Amino acid sequence: MGKKRSRQSRKSNGSMNSISKHTKRAMRADNKQDIMRVMLNKLDAWKKGKNVIIHEEGKNTKEGMIRKNARDVWGDPNRKFRM
C-alpha cells in the first residue's frame, strides 16, 4: 500500500457560508419589494420552462389573490410563433 501524503494545513469541506444570513435576508427583501424585478424574474423562469405561479386579483372581495400557473395565463413558452 502507498504512503499517505502529509499536508501543512487541513483543507476546508466548504460547509461554511461566505455571506451571513442577515445579509441574504436583506437582499431577498429588497428583491421582493421591486415588483418589476419580480415579474422579470418570473418571465425568465417561464421562458426556461420552469413551473411559475402568478397571483391575480379575484373577481370577488372574498377571493382575494388567486394563484395561477403561468402556462395557463401566458401559454406554452416553447411553442413556435405563427402569423
# chains A, B, ... in the order shown; residues from 1 in each chain; ligands from 1
>>> residues_around(residues="His55 of chain A", least_positions_apart="2", cutoff="8 Å", atoms="only C-alpha atoms", output="number ranges by chain")
A: 53, 57, 65-68
>>> residues_around(residues="Lys47 of chain A", least_positions_apart="5", cutoff="10 Å", atoms="only C-alpha atoms", output="PyMOL selection string")
chain A and resi 41-42+52+76-78
>>> closest_residue(among="A:Ser12, A:Lys50, A:Gly58, A:Arg5", to="Arg71 of chain A", atoms="only C-alpha atoms")
A:Lys50
>>> closest_residue(among="A:Asp30, A:Met39, A:Arg82, A:Asn69", to="Asn51 of chain A", atoms="only C-alpha atoms")
A:Asn69
>>> select_by_dssp(residues="chain A", states="alpha helix (DSSP H)", output="ChimeraX atom specification")
/A:21-33,35-47,70-74
>>> write_last_selection(atoms="N, CA and C atoms", output="compact mmCIF listing (two decimals), in the first residue's frame")
# COMPACT_ATOMS: atom_id res chain seq x y z
N LYS A 21 -26.53 35.25 7.13
CA LYS A 21 -27.97 35.09 6.93
C LYS A 21 -28.66 36.45 6.87
N HIS A 22 -28.22 37.36 7.71
CA HIS A 22 -28.84 38.69 7.77
C HIS A 22 -28.71 39.40 6.42
N THR A 23 -27.54 39.30 5.82
CA THR A 23 -27.32 39.95 4.52
C THR A 23 -28.17 39.31 3.44
N LYS A 24 -28.26 37.97 3.43
CA LYS A 24 -29.09 37.26 2.44
C LYS A 24 -30.55 37.65 2.58
N ARG A 25 -31.04 37.72 3.81
CA ARG A 25 -32.44 38.07 4.04
C ARG A 25 -32.73 39.50 3.61
N ALA A 26 -31.78 40.41 3.85
CA ALA A 26 -31.96 41.80 3.44
C ALA A 26 -32.00 41.91 1.92
N MET A 27 -31.15 41.17 1.22
CA MET A 27 -31.14 41.19 -0.23
C MET A 27 -32.45 40.62 -0.79
N ARG A 28 -32.94 39.54 -0.19
CA ARG A 28 -34.18 38.94 -0.65
C ARG A 28 -35.36 39.87 -0.42
N ALA A 29 -35.37 40.59 0.70
CA ALA A 29 -36.45 41.54 0.98
C ALA A 29 -36.44 42.68 -0.03
N ASP A 30 -35.26 43.15 -0.41
CA ASP A 30 -35.16 44.21 -1.42
C ASP A 30 -35.70 43.74 -2.77
N ASN A 31 -35.39 42.49 -3.14
CA ASN A 31 -35.87 41.96 -4.41
C ASN A 31 -37.39 41.81 -4.42
N LYS A 32 -37.98 41.43 -3.29
CA LYS A 32 -39.42 41.25 -3.24
C LYS A 32 -40.19 42.57 -3.30
N GLN A 33 -39.57 43.66 -2.87
CA GLN A 33 -40.26 44.95 -2.89
C GLN A 33 -40.36 45.52 -4.30
N ILE A 35 -41.49 45.19 -7.68
CA ILE A 35 -42.44 44.34 -8.40
C ILE A 35 -41.96 44.08 -9.83
N MET A 36 -41.36 45.05 -10.46
CA MET A 36 -40.90 44.87 -11.84
C MET A 36 -39.82 43.80 -11.92
N ARG A 37 -38.89 43.81 -10.96
CA ARG A 37 -37.83 42.82 -10.94
C ARG A 37 -38.40 41.41 -10.71
N VAL A 38 -39.40 41.31 -9.83
CA VAL A 38 -40.04 40.02 -9.56
C VAL A 38 -40.69 39.47 -10.82
N MET A 39 -41.43 40.32 -11.55
CA MET A 39 -42.11 39.86 -12.76
C MET A 39 -41.11 39.50 -13.87
N LEU A 40 -40.00 40.24 -13.97
CA LEU A 40 -38.98 39.89 -14.97
C LEU A 40 -38.32 38.55 -14.64
N ASN A 41 -38.09 38.29 -13.36
CA ASN A 41 -37.53 37.01 -12.95
C ASN A 41 -38.51 35.88 -13.26
N LYS A 42 -39.81 36.11 -13.02
CA LYS A 42 -40.82 35.10 -13.32
C LYS A 42 -40.90 34.86 -14.82
N LEU A 43 -40.79 35.92 -15.62
CA LEU A 43 -40.84 35.78 -17.07
C LEU A 43 -39.63 34.98 -17.58
N ASP A 44 -38.45 35.24 -17.03
CA ASP A 44 -37.25 34.48 -17.42
C ASP A 44 -37.39 33.01 -17.05
N ALA A 45 -37.94 32.73 -15.86
CA ALA A 45 -38.13 31.34 -15.44
C ALA A 45 -39.16 30.64 -16.32
N TRP A 46 -40.22 31.36 -16.72
CA TRP A 46 -41.25 30.79 -17.60
C TRP A 46 -40.66 30.45 -18.97
N LYS A 47 -39.78 31.33 -19.48
CA LYS A 47 -39.14 31.07 -20.78
C LYS A 47 -38.25 29.83 -20.72
N ALA A 70 -48.36 29.95 -14.72
CA ALA A 70 -48.02 30.86 -15.82
C ALA A 70 -48.32 30.25 -17.18
N ARG A 71 -48.27 28.93 -17.30
CA ARG A 71 -48.62 28.28 -18.57
C ARG A 71 -50.08 28.49 -18.93
N ASP A 72 -50.94 28.55 -17.91
CA ASP A 72 -52.36 28.80 -18.16
C ASP A 72 -52.62 30.24 -18.59
N VAL A 73 -51.84 31.17 -18.06
CA VAL A 73 -52.06 32.59 -18.35
C VAL A 73 -51.31 33.02 -19.61
N TRP A 74 -50.01 32.69 -19.70
CA TRP A 74 -49.17 33.15 -20.80
C TRP A 74 -49.05 32.13 -21.93
>>> select_by_dssp(residues="chain A", states="strand (DSSP E)", output="PDB file with N, CA and C atoms, in the first residue's frame")
ATOM      1  N   ILE A  53     -45.689  30.452 -10.711  1.00  0.00           N
ATOM      2  CA  ILE A  53     -47.013  30.772 -10.185  1.00  0.00           C
ATOM      3  C   ILE A  53     -47.207  32.286 -10.237  1.00  0.00           C
ATOM      4  N   ILE A  54     -48.356  32.707 -10.782  1.00  0.00           N
ATOM      5  CA  ILE A  54     -48.689  34.125 -10.887  1.00  0.00           C
ATOM      6  C   ILE A  54     -49.904  34.400 -10.016  1.00  0.00           C
ATOM      7  N   HIS A  55     -49.898  35.524  -9.335  1.00  0.00           N
ATOM      8  CA  HIS A  55     -51.030  35.913  -8.496  1.00  0.00           C
ATOM      9  C   HIS A  55     -51.880  36.925  -9.242  1.00  0.00           C
ATOM     10  N   GLU A  56     -53.181  36.656  -9.309  1.00  0.00           N
ATOM     11  CA  GLU A  56     -54.129  37.577  -9.926  1.00  0.00           C
ATOM     12  C   GLU A  56     -55.198  37.935  -8.907  1.00  0.00           C
ATOM     13  N   GLU A  57     -55.769  39.111  -9.070  1.00  0.00           N
ATOM     14  CA  GLU A  57     -56.836  39.513  -8.165  1.00  0.00           C
ATOM     15  C   GLU A  57     -58.101  38.740  -8.494  1.00  0.00           C
ATOM     16  N   MET A  65     -56.458  37.142  -3.632  1.00  0.00           N
ATOM     17  CA  MET A  65     -55.499  36.830  -4.687  1.00  0.00           C
ATOM     18  C   MET A  65     -55.636  35.363  -5.077  1.00  0.00           C
ATOM     19  N   ILE A  66     -55.649  35.109  -6.382  1.00  0.00           N
ATOM     20  CA  ILE A  66     -55.768  33.754  -6.901  1.00  0.00           C
ATOM     21  C   ILE A  66     -54.422  33.355  -7.495  1.00  0.00           C
ATOM     22  N   ARG A  67     -53.970  32.142  -7.142  1.00  0.00           N
ATOM     23  CA  ARG A  67     -52.718  31.617  -7.685  1.00  0.00           C
ATOM     24  C   ARG A  67     -53.018  30.855  -8.968  1.00  0.00           C
ATOM     25  N   LYS A  68     -52.303  31.214 -10.044  1.00  0.00           N
ATOM     26  CA  LYS A  68     -52.470  30.544 -11.325  1.00  0.00           C
ATOM     27  C   LYS A  68     -51.105  30.177 -11.879  1.00  0.00           C
ATOM     28  N   ASN A  69     -51.091  29.083 -12.648  1.00  0.00           N
ATOM     29  CA  ASN A  69     -49.862  28.669 -13.301  1.00  0.00           C
ATOM     30  C   ASN A  69     -49.609  29.594 -14.498  1.00  0.00           C
TER      31      ASN A  69
END
